[in-house]
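Worksheet: one structure, shown below.
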Amino acid sequence: SLRKLSGGRPILRNFGRGIVEPDWVGRGKCAGSRDDYYPDAIASVDIASFDFYPVMGNDRLEKVADGARQLRSYIQKAGGKQAQWGIVEVSAIKGGPAPTPAQIRSMAWMHVINGARGLIFFPWQVGEKGERIREDAAFLNPDVIAGLKALTSEISGLSPAIKSPEDVSFAVKSPEKYSAMARLYKGDAYVFVVSESAKGAKIEVELRDFPAESIDIVGTGSSAQRDGSKFTDDLNAYDVRVYRARRAALKQANRM
């Protein structure tokens, strides 16, 4: 069994583009199957991960978010005990275009906001048969390395809020697709949003039952335009935003 072979070490099973494209020919005889295969395959492992490389395939970045959501649903059907991870494209995998730091950041946050609590960065260049040509392909691009350092620092710094078990009730309105989650950490509300659209769009966010004194856009030194606990912002294509709302102090009534 897998447990015997693992020697007590955690078992990770990774799933590819079939998660987001059930009819993909690479799934062989399982092509077209949606709900019967994945929960069974996930039930026997400790970590379930998902990879999809849209830049290599000239595909849509939002499929990363679609796949992460789908993996999360399969984990829940398998009992919900497995950790969810995501694998992120960071190199020119087949020797074509490499993802930009902005694209890498967007894909990483699509994974995190949709349930991933671990990330793996795919740094290689491979051949048509999957053979490794360069294991250090990502390091050929200094901008990518600088972006990865900034990204890992950003996510690590926000990790306590990301992993907080306390949710915040909120609502988001936007004409375009997005991923969003909200957490309560040390009395502040954190809202994480990533655009799933190649078009820019205005978003409106409402924090419910949370009286906000201020709403900062983390990492920018600026604040969101707000009306009480409602605020708006403009997102570019596949943009990422993290908002920190500080709770307003309760006003005590004057006593005679």
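Here's how to read the names in the structure tokens: chain A, B, ... by the order shown, residue numbers from 1 in each chain, ligand numbers from 1 in the order shown.
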
Can you check which parts of region 24-123 of chain A lie within 9 Å of region 194-216 of chain A? Per residue, the shortest pair of atoms and distance in Å to one decimal, counting only C-alpha atoms, sorted by chain and number, as JSON lines.
```
{"residue": "A:Arg60", "atom": "CA", "partner": "A:Ala198", "partner_atom": "CA", "distance": 8.5}
{"residue": "A:Leu61", "atom": "CA", "partner": "A:Glu196", "partner_atom": "CA", "distance": 7.3}
{"residue": "A:Glu62", "atom": "CA", "partner": "A:Glu196", "partner_atom": "CA", "distance": 4.9}
{"residue": "A:Lys63", "atom": "CA", "partner": "A:Glu196", "partner_atom": "CA", "distance": 8.5}
{"residue": "A:Ala65", "atom": "CA", "partner": "A:Glu196", "partner_atom": "CA", "distance": 7.5}
{"residue": "A:Ser106", "atom": "CA", "partner": "A:Val194", "partner_atom": "CA", "distance": 6.8}
{"residue": "A:Met107", "atom": "CA", "partner": "A:Val194", "partner_atom": "CA", "distance": 8.9}
{"residue": "A:Trp109", "atom": "CA", "partner": "A:Val194", "partner_atom": "CA", "distance": 6.8}
{"residue": "A:Met110", "atom": "CA", "partner": "A:Val194", "partner_atom": "CA", "distance": 6.6}
{"residue": "A:Ile113", "atom": "CA", "partner": "A:Val194", "partner_atom": "CA", "distance": 8.0}
```

Polymer residues at most 12 Å from Ser156 (chain A), only C-alpha atoms, same-chain spacing of 5 or more positions, as a VMD selection string: chain A and resid 112 117 to 119 148 to 151 161 to 163

Which of region 8-114 of chain A fall in strand (DSSP E), as an NGL selection string: :A and (12-15 or 47-51 or 83-89)

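Between CA of Ile145 (chain A) and CA of Ala68 (chain A) the separation is 24.1 Å.
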
List every residue of region 60-166 of chain A that has an atom at most 8 Å from any atom of region 20-24 of chain A, giving for each one its closest atom pair and the distance in Å to one decimal, counting only C-alpha atoms, sorted by chain and then by ascending residue number, as CSV.
```
residue,atom,partner,partner_atom,distance
A:Lys63,CA,A:Val20,CA,6.7
A:Asp66,CA,A:Val20,CA,6.4
A:Gly67,CA,A:Val20,CA,4.7
A:Gln70,CA,A:Val20,CA,7.2
```

Those of region 26-192 of chain A in DSSP helix (DSSP H, G or I), formatted as a VMD selection string: chain A and resid 26 to 30 38 to 43 62 to 77 101 to 113 137 to 140 142 to 162

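Considering the residues A:Tyr53, A:Tyr243, A:Tyr238, A:Phe192 and counting only C-alpha atoms, Thr220 (chain A) has its shortest atom-to-atom contact with A:Tyr243.
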
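CA of Phe52 (chain A) is positioned 26.8 Å from CA of Arg183 (chain A).
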
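Residues within 10 Å of Ser73 (chain A), counting only C-alpha atoms and excluding same-chain residues fewer than 6 positions away, are Asp35, Tyr38, Pro39, Gly67, Gly80 and Gly115 of chain A.
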
Could you take the residues named above and write them with all heavy atoms, as a PDB file, in the first residue's frame?
```
ATOM      1  N   ASP A  35     -16.846  13.123 -11.049  1.00  0.00           N
ATOM      2  CA  ASP A  35     -16.958  13.055  -9.594  1.00  0.00           C
ATOM      3  C   ASP A  35     -16.633  11.695  -8.993  1.00  0.00           C
ATOM      4  O   ASP A  35     -16.536  11.573  -7.782  1.00  0.00           O
ATOM      5  CB  ASP A  35     -18.371  13.454  -9.171  1.00  0.00           C
ATOM      6  CG  ASP A  35     -18.696  14.898  -9.525  1.00  0.00           C
ATOM      7  OD1 ASP A  35     -17.755  15.700  -9.576  1.00  0.00           O
ATOM      8  OD2 ASP A  35     -19.875  15.205  -9.748  1.00  0.00           O
ATOM      9  N   TYR A  38     -11.817  11.306  -8.693  1.00  0.00           N
ATOM     10  CA  TYR A  38     -10.939  12.142  -7.874  1.00  0.00           C
ATOM     11  C   TYR A  38     -11.115  11.949  -6.366  1.00  0.00           C
ATOM     12  O   TYR A  38     -10.114  11.830  -5.642  1.00  0.00           O
ATOM     13  CB  TYR A  38     -11.090  13.608  -8.261  1.00  0.00           C
ATOM     14  CG  TYR A  38     -10.472  13.922  -9.602  1.00  0.00           C
ATOM     15  CD1 TYR A  38     -11.265  14.122 -10.722  1.00  0.00           C
ATOM     16  CD2 TYR A  38      -9.094  13.978  -9.766  1.00  0.00           C
ATOM     17  CE1 TYR A  38     -10.699  14.393 -11.965  1.00  0.00           C
ATOM     18  CE2 TYR A  38      -8.515  14.246 -11.000  1.00  0.00           C
ATOM     19  CZ  TYR A  38      -9.332  14.448 -12.094  1.00  0.00           C
ATOM     20  OH  TYR A  38      -8.771  14.700 -13.321  1.00  0.00           O
ATOM     21  N   PRO A  39     -12.334  11.934  -5.823  1.00  0.00           N
ATOM     22  CA  PRO A  39     -12.435  11.732  -4.371  1.00  0.00           C
ATOM     23  C   PRO A  39     -11.797  10.429  -3.908  1.00  0.00           C
ATOM     24  O   PRO A  39     -11.151  10.386  -2.851  1.00  0.00           O
ATOM     25  CB  PRO A  39     -13.950  11.740  -4.125  1.00  0.00           C
ATOM     26  CG  PRO A  39     -14.499  12.576  -5.241  1.00  0.00           C
ATOM     27  CD  PRO A  39     -13.641  12.226  -6.420  1.00  0.00           C
ATOM     28  N   GLY A  67      -9.515  25.214 -11.442  1.00  0.00           N
ATOM     29  CA  GLY A  67      -9.005  23.926 -11.004  1.00  0.00           C
ATOM     30  C   GLY A  67      -8.815  23.839  -9.506  1.00  0.00           C
ATOM     31  O   GLY A  67      -9.097  22.805  -8.891  1.00  0.00           O
ATOM     32  N   GLY A  80     -12.330  15.735   3.555  1.00  0.00           N
ATOM     33  CA  GLY A  80     -11.834  17.044   3.962  1.00  0.00           C
ATOM     34  C   GLY A  80     -10.601  17.038   4.829  1.00  0.00           C
ATOM     35  O   GLY A  80     -10.214  18.085   5.365  1.00  0.00           O
ATOM     36  N   GLY A 115      -8.084  27.754  -1.583  1.00  0.00           N
ATOM     37  CA  GLY A 115      -7.904  26.655  -0.652  1.00  0.00           C
ATOM     38  C   GLY A 115      -6.504  26.126  -0.456  1.00  0.00           C
ATOM     39  O   GLY A 115      -6.249  25.384   0.493  1.00  0.00           O
TER      40      GLY A 115
END
```

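Taking only C-alpha atoms into account, Val126 (chain A) lies nearest to A:Gly96 out of the set A:Gly187, A:Gly8, A:Gly96, A:Gly18.
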
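Across A:Pro160, A:Gly86, A:Pro165, A:Gly95, the tightest approach to Arg134 (chain A) is made by A:Gly95 when counting only C-alpha atoms.
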
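Using only C-alpha atoms, the protein and nucleic acid residues lying no more than 6 Å from Gln84 (chain A), apart from those fewer than 2 places from it along its own chain, are A:Ile47, A:Ala48, A:Ser49, A:Ala116, A:Arg117.
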
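A straight line drawn from CA of Gly157 (chain A) to CA of Val45 (chain A) is 28.6 Å long.
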
Within 9 Å of Asp167 (chain A) using only C-alpha atoms, minus same-chain residues under 2 positions, as a ChimeraX atom specification: /A:164-165,169,181-184,189

Could you dump the residues just selected with N, CA and C atoms as a PDB file, in the first residue's frame?
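Wrote again_4.pdb, looks like this:
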```
ATOM      1  N   SER A 164      -6.005  31.876   9.541  1.00  0.00           N
ATOM      2  CA  SER A 164      -6.934  32.111  10.647  1.00  0.00           C
ATOM      3  C   SER A 164      -8.223  31.323  10.446  1.00  0.00           C
ATOM      4  N   PRO A 165      -8.705  30.660  11.485  1.00  0.00           N
ATOM      5  CA  PRO A 165      -9.946  29.886  11.351  1.00  0.00           C
ATOM      6  C   PRO A 165     -11.204  30.746  11.371  1.00  0.00           C
ATOM      7  N   SER A 169     -17.869  37.703   7.363  1.00  0.00           N
ATOM      8  CA  SER A 169     -18.968  37.754   6.395  1.00  0.00           C
ATOM      9  C   SER A 169     -18.765  38.960   5.482  1.00  0.00           C
ATOM     10  N   MET A 181     -11.656  35.762  -0.534  1.00  0.00           N
ATOM     11  CA  MET A 181     -11.884  35.188   0.794  1.00  0.00           C
ATOM     12  C   MET A 181     -11.631  36.282   1.825  1.00  0.00           C
ATOM     13  N   ALA A 182     -12.142  36.095   3.030  1.00  0.00           N
ATOM     14  CA  ALA A 182     -11.954  37.082   4.095  1.00  0.00           C
ATOM     15  C   ALA A 182     -11.688  36.355   5.406  1.00  0.00           C
ATOM     16  N   ARG A 183     -10.772  36.887   6.192  1.00  0.00           N
ATOM     17  CA  ARG A 183     -10.410  36.283   7.469  1.00  0.00           C
ATOM     18  C   ARG A 183     -10.321  37.363   8.545  1.00  0.00           C
ATOM     19  N   LEU A 184     -10.587  36.954   9.778  1.00  0.00           N
ATOM     20  CA  LEU A 184     -10.425  37.829  10.932  1.00  0.00           C
ATOM     21  C   LEU A 184      -9.158  37.419  11.652  1.00  0.00           C
ATOM     22  N   ALA A 189      -9.983  42.720   9.871  1.00  0.00           N
ATOM     23  CA  ALA A 189     -10.532  41.903   8.788  1.00  0.00           C
ATOM     24  C   ALA A 189      -9.620  42.017   7.575  1.00  0.00           C
TER      25      ALA A 189
END
```
